[in-house]
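Raw contents of protein-v2.cif, mmCIF, C-alpha atoms and all ligand atoms:
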```cif
data_target
#
loop_
_atom_site.label_atom_id
_atom_site.label_comp_id
_atom_site.auth_asym_id
_atom_site.auth_seq_id
_atom_site.Cartn_x
_atom_site.Cartn_y
_atom_site.Cartn_z
CA MET A 10 3.27 1.43 -17.13
CA ASN A 11 0.64 2.86 -14.79
CA VAL A 12 0.86 1.87 -11.12
CA LEU A 13 -1.54 2.74 -8.30
CA VAL A 14 -0.25 3.34 -4.79
CA LEU A 15 -3.24 3.12 -2.45
CA ASN A 16 -3.24 4.14 1.19
CA GLY A 17 -5.96 3.51 3.74
CA PRO A 18 -7.16 5.27 6.88
CA ASN A 19 -4.90 7.58 8.89
CA LEU A 20 -2.01 7.40 6.45
CA GLY A 21 -2.70 10.96 5.34
CA ARG A 22 -1.51 11.92 8.85
CA LEU A 23 2.04 10.66 8.26
CA GLY A 24 4.66 12.89 9.85
CA VAL A 25 2.38 13.92 12.74
CA ARG A 26 0.97 10.50 13.52
CA GLN A 27 3.08 8.50 16.03
CA PRO A 28 6.41 9.54 14.43
CA ASP A 29 8.22 7.03 16.65
CA VAL A 30 6.32 4.26 14.81
CA TYR A 31 5.75 5.72 11.33
CA GLY A 32 8.64 8.18 10.95
CA THR A 33 8.72 11.91 10.41
CA SER A 34 8.11 12.10 6.65
CA SER A 35 4.76 13.64 5.74
CA TYR A 36 2.16 12.11 3.43
CA ALA A 37 3.09 14.77 0.83
CA GLU A 38 6.70 13.57 1.04
CA LEU A 39 5.59 9.96 0.61
CA GLU A 40 3.55 10.97 -2.43
CA ALA A 41 6.49 12.85 -3.97
CA LEU A 42 8.85 9.95 -3.23
CA CYS A 43 6.56 7.48 -5.02
CA VAL A 44 5.95 9.73 -8.04
CA ARG A 45 9.63 10.69 -8.42
CA GLY A 46 10.95 7.21 -7.62
CA GLY A 47 8.40 5.70 -9.99
CA ALA A 48 9.33 8.09 -12.82
CA GLU A 49 13.00 7.12 -12.42
CA LEU A 50 11.89 3.50 -12.89
CA GLY A 51 9.83 4.37 -15.97
CA LEU A 52 6.50 4.13 -14.11
CA SER A 53 3.59 6.52 -14.09
CA VAL A 54 2.53 6.41 -10.44
CA GLN A 55 -0.71 7.70 -8.98
CA VAL A 56 -0.78 7.95 -5.20
CA ARG A 57 -4.12 8.03 -3.37
CA GLN A 58 -5.30 7.94 0.22
CA SER A 59 -8.74 7.53 1.73
CA GLU A 60 -10.33 7.30 5.15
CA HIS A 61 -13.21 5.36 3.53
CA GLU A 62 -13.23 1.62 2.90
CA GLY A 63 -15.72 1.90 0.01
CA GLU A 64 -13.50 4.35 -1.86
CA LEU A 65 -10.52 1.99 -1.54
CA LEU A 66 -12.71 -0.86 -2.83
CA GLN A 67 -13.75 1.21 -5.86
CA TRP A 68 -10.12 2.02 -6.67
CA LEU A 69 -9.26 -1.69 -6.40
CA HIS A 70 -12.18 -2.59 -8.71
CA ALA A 71 -10.86 -0.12 -11.30
CA ALA A 72 -7.36 -1.60 -10.93
CA ALA A 73 -8.86 -5.07 -11.50
CA ASP A 74 -10.72 -3.87 -14.62
CA GLU A 75 -7.61 -2.21 -16.06
CA ALA A 76 -5.08 -4.84 -14.86
CA THR A 77 -3.11 -2.10 -13.12
CA PRO A 78 -0.36 -3.13 -10.66
CA VAL A 79 -1.10 -1.95 -7.11
CA VAL A 80 1.02 -1.08 -4.09
CA LEU A 81 -1.36 -1.22 -1.13
CA ASN A 82 -1.00 -0.03 2.44
CA ALA A 83 -4.55 -0.39 3.70
CA GLY A 84 -3.65 0.69 7.24
CA ALA A 85 -5.88 -0.83 9.91
CA LEU A 86 -8.34 -2.15 7.29
CA THR A 87 -5.62 -4.71 6.50
CA HIS A 88 -6.45 -6.44 9.76
CA THR A 89 -10.23 -6.09 9.74
CA SER A 90 -11.73 -6.01 6.26
CA VAL A 91 -12.92 -9.18 4.52
CA ALA A 92 -14.30 -6.92 1.76
CA LEU A 93 -10.82 -5.51 1.15
CA GLY A 94 -9.41 -9.03 0.85
CA ASP A 95 -12.21 -9.94 -1.59
CA ALA A 96 -11.38 -6.88 -3.73
CA CYS A 97 -7.68 -7.80 -3.70
CA ALA A 98 -8.60 -11.32 -4.86
CA MET A 99 -9.96 -9.82 -8.11
CA LEU A 100 -6.65 -8.21 -9.09
CA THR A 101 -4.75 -9.82 -11.93
CA ALA A 102 -1.65 -7.60 -12.10
CA PRO A 103 0.91 -7.72 -9.25
CA LEU A 104 -0.22 -6.54 -5.82
CA ILE A 105 2.46 -5.59 -3.32
CA GLU A 106 1.34 -5.09 0.28
CA VAL A 107 3.38 -2.52 2.19
CA HIS A 108 3.45 -1.57 5.86
CA ILE A 109 5.69 1.19 7.12
CA SER A 110 6.07 -0.39 10.55
CA ASN A 111 7.00 -3.99 11.24
CA VAL A 112 3.49 -5.17 12.09
CA HIS A 113 4.86 -8.51 13.31
CA ARG A 114 6.72 -6.80 16.16
CA ARG A 115 3.54 -5.06 17.27
CA GLU A 116 0.18 -6.09 18.78
CA LEU A 117 -1.15 -9.54 17.85
CA PHE A 118 -4.15 -8.06 16.03
CA ARG A 119 -1.73 -6.53 13.51
CA HIS A 120 -0.22 -9.92 12.64
CA HIS A 121 -3.14 -11.01 10.51
CA SER A 122 -3.73 -9.47 7.08
CA TYR A 123 -6.72 -10.00 4.79
CA VAL A 124 -4.52 -8.70 1.96
CA SER A 125 -1.47 -10.99 2.20
CA ALA A 126 -3.14 -14.12 0.82
CA HIS A 127 -3.78 -12.22 -2.43
CA ALA A 128 -0.51 -10.30 -2.57
CA THR A 129 2.39 -11.10 -4.85
CA GLY A 130 4.68 -10.00 -2.03
CA VAL A 131 4.70 -8.17 1.27
CA ILE A 132 7.14 -5.53 2.53
CA VAL A 133 6.96 -4.58 6.21
CA GLY A 134 9.03 -2.50 8.59
CA LEU A 135 11.25 -0.65 6.13
CA GLY A 136 9.57 2.72 6.54
CA ILE A 137 8.39 4.64 3.49
CA GLU A 138 11.34 3.19 1.52
CA GLY A 139 9.19 0.05 1.34
CA TYR A 140 6.99 1.78 -1.23
CA VAL A 141 9.96 2.48 -3.50
CA LEU A 142 11.16 -1.12 -3.15
CA ALA A 143 7.67 -2.28 -4.16
CA LEU A 144 7.70 0.03 -7.21
CA SER A 145 11.16 -1.19 -8.14
CA TRP A 146 9.97 -4.80 -8.07
CA ILE A 147 6.94 -3.92 -10.20
CA ALA A 148 9.14 -2.07 -12.72
CA SER A 149 11.33 -5.12 -13.23
CA HIS A 150 8.70 -7.87 -13.03
CA ALA A 151 5.41 -6.53 -14.36
CA GLY A 152 4.39 -5.46 -17.83
CA PRO A 153 5.47 -6.43 -21.34
CA ALA A 154 9.13 -5.38 -20.92
CA SER A 155 9.68 -8.03 -18.26
CA SER A 156 8.29 -11.02 -20.14
C1 LIG B 201 0.34 0.27 8.95
C2 LIG B 201 0.23 -0.76 10.09
C3 LIG B 201 -1.22 -0.92 10.51
O1 LIG B 201 -1.30 -1.86 11.57
C4 LIG B 201 -1.76 0.41 11.01
O2 LIG B 201 -3.13 0.28 11.35
C5 LIG B 201 -1.57 1.51 10.02
C6 LIG B 201 -0.29 1.59 9.33
C7 LIG B 201 1.82 0.53 8.58
O3 LIG B 201 2.03 1.11 7.51
O4 LIG B 201 2.71 0.20 9.35
O5 LIG B 201 -2.41 2.37 9.85
O6 LIG B 201 -0.31 -0.26 7.81
#
```
What does the file become when written as structure tokens?
Amino acid sequence: MNVLVLNGPNLGRLGVRQPDVYGTSSYAELEALCVRGGAELGLSVQVRQSEHEGELLQWLHAAADEATPVVLNAGALTHTSVALGDACAMLTAPLIEVHISNVHRRELFRHHSYVSAHATGVIVGLGIEGYVLALSWIASHAGPASS
């Protein structure tokens, strides 16, 4: 099964960006973790990151067209983008929202998500391991093998 792992603005800076909040693993390490972890679960995982809202929307549209499960960490767009929420609403396969940090222990503006209302589930505060947990859930609950 194909799975998309989509990352929004600033997540390409993992490892150098506020390591006290987001940890010391780099984006390349996150990518490798998702691809390797996904393969062990029988998933073909593509990991992408963009600084641009429109590019994320286009990837979500393609995921909607192809009924591809998505793991989404939209970064700050999570808290600001109605368009992102609208794109998530079109998805038919599972959508798991992931945040590396526990957004609920942080500033109030991070407590609201335009994604959550459309997500199958949400994983926050477990670091980059949250992505692997999301993939593990998808491997056991999505696709023909699980029905
Ligand atoms: C984040 C949390 C967001 O509030 C923040 O803007 C990010 C990263 C996280 O993974 O913890 O860019 O999504």
Requested in this report: For ligand LIG 201 (chain B), list the contacting residues at 8 Å or closer, counting all atoms listed in the file, as a ChimeraX atom specification.
Outcome: /A:17-20,30-31,82-88,107-112,119,133-134,136
Requested in this report: Could you give me, as a list of chain:residue names, the residues within 10 Å of Cys43 of chain A, counting all atoms listed in the file and dropping anything in the same chain fewer than 4 positions from it?
Outcome: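 Skipping anything fewer than 4 positions along the chain leaves A:Leu13, A:Val14, A:Ala37, A:Glu38, A:Leu39, A:Gly47, A:Ala48, A:Glu49, A:Leu52, A:Ser53, A:Val54, A:Gln55, A:Val56, A:Ile137, A:Glu138, A:Tyr140, A:Val141, A:Leu142, A:Ala143, A:Leu144.
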Requested in this report: Compute the distance from (-0.6, 0.7, -10.6) to each atom, counting only C-alpha atoms, keep the residues with any atom at most 6 Å away, and return them as a PyMOL selection string; use the coordinates of the file.
Outcome: chain A and resi 11-13+77-79
Around all the atoms of segment 32-47 of chain A listed in the file, with 8 Å of room on each side, what axis-aligned box do you get, giving centre and edge lengths in Å to one decimal, as lines of an AutoDock Vina configuration file?
```
center_x = 6.6
center_y = 10.2
center_z = 0.5
size_x = 24.8
size_y = 25.1
size_z = 36.9
```
Name all residues at most 8 Å from Arg22 of chain A (count all atoms listed in the file; drop same-chain ones fewer than 4 positions away) and give them as a PDB file with C-alpha atoms, in the coordinates of the input.
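Now in part17.pdb:
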```
ATOM      1  CA  ARG A  26       0.970  10.500  13.520  1.00  0.00           C
ATOM      2  CA  SER A  35       4.760  13.640   5.740  1.00  0.00           C
ATOM      3  CA  TYR A  36       2.160  12.110   3.430  1.00  0.00           C
TER       4      TYR A  36
END
```
Query raised in the report: Of the candidates A:Ile105, A:Leu23, A:Arg115, A:Leu42, which shows the shortest atom-to-atom distance to Trp146 of chain A, using all atoms listed in the file?
Result: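 When distances to Trp146 of chain A are compared using all atoms listed in the file, the smallest one comes from A:Ile105.
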**Report entry** d(atom CA of Gln67 of chain A, atom CA of Ala98 of chain A) in Å
**Finding:** 13.6 Å
Report task. Would you mind telling me which residue in A:Glu116, A:His127, A:Ala76, A:Glu62 lies nearest to Gly94 of chain A when using all atoms listed in the file? Result -> A:His127
Report task. Just the residues within 9 Å of Gly152 of chain A, please, counting only C-alpha atoms, with nothing from its chain fewer than 5 positions along; format it as JSON, numbers by chain. Result -> {"A": [10, 78, 102, 147]}
